[in-house]
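To start, the structure under review is shown below, and the notes come after it.
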Amino acid sequence: MFKFLAAVKKEYLLLSRDIAGIIILFLMPMVLIIIMSLLQEVGWNAIATEPKLGVLFVNNDQDSLGINMEKGLRNSGFFDVINSVNHLPVTAESARAAVKKGDYLIAIVVPKGVTKSMRANVRIAVAKTLSGFGMYNPMLLNNIAQKEADTVTLFFDPTIRKAFKNAVVSSIKEFNYRSETGMVFRSFNAEMSKQFPAYKPADIEYKESLQFKEVFPNYKEQEEIPTTVQHNVPAWAIFAMFFIIIPLTGSMIKEREEGSLARLMSMPVSYIHLLLAKVTVYFFVCLVQTFLMIFSGIFILPLFHIPMLIIGNHIIALTLLTIVTALAALGYGLLVGTIANTHQQAAAFGAVSIIILAAIGGIWVPVYLMPTIMRHVAVISPLNWAITGFYNIFLRQGGLITILPSAIKLLAFFLAAVLITYIYRKIKSPINQ
Amino acid sequence: MAEDPIIEIKNLSKRYKGSEESALKDITLDIYPLEIYGLLGPNGAGKTTTISILCGLIAPTGGEVRIDGFNLRNELDRIKQVIGIVPQDIALYPTLTALENLTFFGNMFGLKGKSLKDLILDHLTVFGLERFAMKKISSFSGGMKRRVNLIAGLLHDPKILFLDEPTAGIDVQSKIVILEFLHEINRKGTTIIYTSHYMEEAENLCSRVSIIDRGILVSTGNPKELVASHPEFKNLENLFLHLTGKGLRD
């Protein structure tokens with residue numbers, strides 16, 4: 001125990017003398033979390049927050065559909081509808097050019113006569129419907145030909161997110177359906193009035209018969225709306241914990257290259273004790289890192305108008321999950337540091353493998369957004385086990401029981417990594433054990 | 001030599017993985033208590049490999065080694081209690097002070113507290129480094145580092161001390177201090193096994209030497225007797241060149 005504590009003290013001293021390393025270990029993850037949260041929060045919520053998105057709107061129709069569409073876009077609160085650029089009315093050509101240049105992300109061109117065409121088609125549909133009741137009126141169809149569907153042209157910047165593009169298209173389709181529905185009502189009433197002079201159209205205000213309620217079920221049974229912060233803070237905290245592989249393997253390989261390890265191996269001390277001393281110091285580094293990340297989520301992110309991280313009430317579950325995640329990260333670091341021959345090997349393999357494990361594990365992109373095959377692959381990543389556990393605490397307000405599957409897998413990963421490290425060392429240099 | 005050898009090496013061989021040639025071929029030699037034993041040879045002769053095997057840092061391919069009566073293969077833990085090693089590299093932590101380095105290595109032998117600190121300061125004083133106890137190793141000159149490197153290997157007063165080129169690349173003053181100290185601890189009971197490229201140094205320091213070349217033991221004996229038995233060579237260096245040749249080594 002005394003030798004172990006002496007080795008811990010040595011590791012602590014070595015780490016504390018590396019000021020640049022400490023800054024990287026503690027400050028960089030905090031900067032990362034702030035930047036990623038800012039980027040994602042603004043990006044994902046662009047529609048719902050100021051400033052509104054500028055949309056060029058060319059209304060060549062100048063009739064009810066074009067007018068309603070423009071009115072609907074303005075009233076949505078999401079868009080800033082722009083009809084002129086440089087004091088000139090925007091045209092289809094200038095709108096296309098402006099989007100092509102990247103000055104605007106979206107332009108909408110409503111063609112001339114689209115309302116007229118729609119109205120004609122509605123009248124034909126109404127006439128055909130009434131003829132089924134024996135109220136066929138040939139005059140109704142005089143000089144009216146079925147029109148082909150008109151085309152509303154949408155210009156999109158190539159960088160626009162697919163989901164955002166779909167949201168815009170859906171909004172426009174919705175305005176179109178509403179206009180068409182209104183026309184059907186009005187046309188039907190008009191025709192009924194002609195057929196039955198006594199008919200008085202009811203003053204019907206059309207209301208949508210379906211309403212939508214958004215619920216995010218969690219273990220607290222309270223409706224708390226998740227924010228990107230609830231994903232970002234744990235995701236990047238996990239990423240930072242696993243990136244401990246760089247300083248950890250660096251420390252191991254430096255000790256080996258400088259000859260200190262060889263000297264230690266000639267002394268009555270076991271390799272595992274020396275490794276565990278490293279694990280102990282870097283374990284506390286991981287805990288402090290996570291604490292700082294959570295601190296950032298609660299106190300620093302709100303300074304940037306980003307929602308505050310809500311950690312819930314399950315501090316024991318959070319602590320346990322942080323501990324096993326740190327152990328898993330350290331176990332991986334020990335394994336890579338033992339197998340790698342050079343600092344370059346360890347740094348390159350360590351960094352790239354963590355980035356890959358983070359990517360497939362749902363740290364960068366949530367797993368549900370991945371293709372089916374990648375969703376199956378995600379479960380092999382320890383970072384995925386960790387983020388799943390953190391989701392249970394931060395998003396679903398789950399407690400100890402809910403994180404146990406993740407915690408067990410992470411702990412098993414740590415033990416397996418240490419065991420493989422020990423066996424590898426024994427095989428490579430049996431006399432040293 | 002009436003006493004039992006403190007180190008017995010029988011048919012020791014070593015072939016590194018991927019290498020076509022053996023680094024050591026059937027080395028057999030005995031080293032007796034209180035000897036200062038020199039392992040001499042050109043670069044790549046097998047000196048460091050021999051010491052690394054004796055210290056348990058690498059496994060031999062074949063042969064038997066007993067150190068202070070303990071078998072290297074299955075009693076390494078016992079052997080580690082009685083040996084000290086001063087490696088060729090400066091095996092210290094550059095960002096720790098001399099005192100922190102030596103305290104840590106002393107702790108690894110179970111030494112602790114005030115007695116360890118006093119021991120360290122005594123050694124630093126002997127080597128003229130007491131003023132630098134609290135300075136980081138990275139700020140030391142090459143000679144100062146070598147001296148601290150030496151102290152780290154002998155704080156626990158080992159029965160057998162292995163030194164791999166302890167005077168390589170240092171000034172004459174540092175070399176004299178180190179060699180005098182080695183004589184001193186040898187007189188007090190430490191057996192020393194030492195490798196060097198400096199023939200004159202070995203001739204003066206060692207009670208016996210073995211010349212190794214390409215993993216083979218070429219000659220063994222008291223350096224002065226070896227030279228005397230070959231009257232055509234005026235010193236150990238000439239004899240060494242005769243035995244190992246003048247060709248450059250990797």
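Residues in the structure tokens are named by chain (A, B, ... in the order shown) and by number from 1 within that chain; ligands are numbered from 1 in the order shown.
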
Write out, as CSV, each residue of region 102-201 of chain B that has an atom at most 9 Å from region 73-83 of chain B, together with the closest pair of atoms and their distance in Å to one decimal, counting only C-alpha atoms, rows going by chain and rising number.
```
residue,atom,partner,partner_atom,distance
B:Phe109,CA,B:Gln81,CA,7.6
B:Gly153,CA,B:Ile83,CA,8.7
B:Leu154,CA,B:Ile83,CA,8.7
B:His156,CA,B:Val82,CA,8.8
B:Asp157,CA,B:Val82,CA,8.4
B:Pro158,CA,B:Ile83,CA,5.1
B:Lys159,CA,B:Val82,CA,5.2
B:Ile160,CA,B:Ile83,CA,4.8
B:Leu161,CA,B:Ile83,CA,5.7
B:Phe162,CA,B:Ile83,CA,7.4
```

With N, CA and C atoms kept, could you save the residues just selected as a PDB file, in the first residue's frame?
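So selection-v9.pdb came out as:
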```pdb
ATOM      1  N   PHE B 109      11.674   0.780  -2.604  1.00  0.00           N
ATOM      2  CA  PHE B 109      12.378  -0.257  -1.839  1.00  0.00           C
ATOM      3  C   PHE B 109      11.895  -0.294  -0.397  1.00  0.00           C
ATOM      4  N   GLY B 153      20.093   4.276  -7.822  1.00  0.00           N
ATOM      5  CA  GLY B 153      20.281   2.827  -7.870  1.00  0.00           C
ATOM      6  C   GLY B 153      20.872   2.220  -6.613  1.00  0.00           C
ATOM      7  N   LEU B 154      21.336   3.068  -5.707  1.00  0.00           N
ATOM      8  CA  LEU B 154      22.028   2.474  -4.549  1.00  0.00           C
ATOM      9  C   LEU B 154      21.521   2.964  -3.197  1.00  0.00           C
ATOM     10  N   HIS B 156      19.123   1.959  -1.464  1.00  0.00           N
ATOM     11  CA  HIS B 156      18.703   0.855  -0.588  1.00  0.00           C
ATOM     12  C   HIS B 156      19.885  -0.039  -0.212  1.00  0.00           C
ATOM     13  N   ASP B 157      21.093   0.434  -0.501  1.00  0.00           N
ATOM     14  CA  ASP B 157      22.307  -0.280  -0.142  1.00  0.00           C
ATOM     15  C   ASP B 157      22.278  -1.719  -0.668  1.00  0.00           C
ATOM     16  N   PRO B 158      22.233  -1.859  -2.004  1.00  0.00           N
ATOM     17  CA  PRO B 158      22.082  -3.209  -2.571  1.00  0.00           C
ATOM     18  C   PRO B 158      23.326  -4.059  -2.362  1.00  0.00           C
ATOM     19  N   LYS B 159      23.106  -5.348  -2.306  1.00  0.00           N
ATOM     20  CA  LYS B 159      24.216  -6.285  -2.163  1.00  0.00           C
ATOM     21  C   LYS B 159      24.994  -6.372  -3.476  1.00  0.00           C
ATOM     22  N   ILE B 160      24.224  -6.250  -4.575  1.00  0.00           N
ATOM     23  CA  ILE B 160      24.839  -6.321  -5.906  1.00  0.00           C
ATOM     24  C   ILE B 160      24.367  -5.094  -6.691  1.00  0.00           C
ATOM     25  N   LEU B 161      25.318  -4.382  -7.278  1.00  0.00           N
ATOM     26  CA  LEU B 161      24.953  -3.185  -8.036  1.00  0.00           C
ATOM     27  C   LEU B 161      25.360  -3.361  -9.496  1.00  0.00           C
ATOM     28  N   PHE B 162      24.390  -3.186 -10.377  1.00  0.00           N
ATOM     29  CA  PHE B 162      24.665  -3.261 -11.814  1.00  0.00           C
ATOM     30  C   PHE B 162      24.761  -1.839 -12.368  1.00  0.00           C
TER      31      PHE B 162
END
```

As a VMD selection string, list the residues of region 23-219 of chain A assigned to alpha helix (DSSP H) by DSSP on the backbone atoms of this structure.
chain A and resid 23 to 44 64 to 76 92 to 101 114 to 131 138 to 141 162 to 195

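For the pair CA of Ile244 (chain A) and CA of Leu411 (chain A), the separation is 17.0 Å.
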
Wanna dump the chain A-chain B contacts at 12 Å for me, each residue with its shortest atom pair and the distance in Å to one decimal, counting only C-alpha atoms, ordered by chain and number, as a tab-separated table?
```
residue	atom	partner	partner_atom	distance
A:Met1	CA	B:Gly110	CA	10.3
A:Phe2	CA	B:Gly110	CA	7.6
A:Lys3	CA	B:Met108	CA	5.6
A:Phe4	CA	B:Met108	CA	8.8
A:Leu5	CA	B:Asn107	CA	9.5
A:Ala6	CA	B:Phe104	CA	6.3
A:Ala7	CA	B:Phe104	CA	7.2
A:Val8	CA	B:Phe104	CA	10.1
A:Lys9	CA	B:Phe104	CA	8.5
A:Lys10	CA	B:Phe104	CA	6.8
A:Glu11	CA	B:Leu96	CA	10.3
A:Tyr12	CA	B:Leu96	CA	10.7
A:Leu13	CA	B:Leu96	CA	7.2
A:Leu14	CA	B:Thr95	CA	6.6
A:Leu15	CA	B:Thr95	CA	9.4
A:Ser16	CA	B:Thr95	CA	9.7
A:Arg17	CA	B:Thr95	CA	6.5
A:Asp18	CA	B:Thr95	CA	8.2
A:Ile19	CA	B:Thr95	CA	11.3
A:Ser251	CA	B:Tyr93	CA	10.8
A:Lys254	CA	B:Tyr93	CA	9.4
A:Glu255	CA	B:Tyr93	CA	7.9
A:Arg256	CA	B:Ala91	CA	9.3
A:Glu257	CA	B:Ala91	CA	9.1
A:Glu258	CA	B:Ala91	CA	5.7
A:Gly259	CA	B:Ala91	CA	4.6
A:Ser260	CA	B:Ala91	CA	4.4
A:Leu261	CA	B:Ala91	CA	7.9
A:Ala262	CA	B:Leu57	CA	6.6
A:Arg263	CA	B:Ala91	CA	6.7
A:Leu264	CA	B:Phe105	CA	7.7
A:Met265	CA	B:Leu57	CA	6.6
A:Ser266	CA	B:Cys55	CA	5.7
A:Met267	CA	B:Lys80	CA	5.4
A:Pro268	CA	B:Lys80	CA	5.4
A:Val269	CA	B:Met108	CA	6.4
A:Ser270	CA	B:Asp77	CA	9.5
A:Tyr271	CA	B:Met108	CA	11.8
A:His273	CA	B:Met108	CA	10.9
A:Leu274	CA	B:Met108	CA	10.3
A:Arg425	CA	B:Ile58	CA	11.9
A:Lys426	CA	B:Ala59	CA	11.1
A:Ile427	CA	B:Ala59	CA	10.8
A:Lys428	CA	B:Ile58	CA	9.4
A:Ser429	CA	B:Ile58	CA	6.4
A:Pro430	CA	B:Ala59	CA	6.9
A:Ile431	CA	B:Ala59	CA	5.5
A:Asn432	CA	B:Leu57	CA	6.1
A:Gln433	CA	B:Leu76	CA	8.8
```

Can you pull out every residue from region 35-114 of chain A that DSSP, working from the backbone, puts in strand (DSSP E), and format the result as an NGL selection string?
:A and (53-59 or 79-82 or 84-85 or 88-89 or 106-110)

I want to know what sits within 8 Å of Met241 (chain A), based on only C-alpha atoms, with residues of the same chain fewer than 4 positions away left out; could you give that as JSON, numbers by chain?
{"A": [237, 286, 289, 290, 325, 326, 329]}
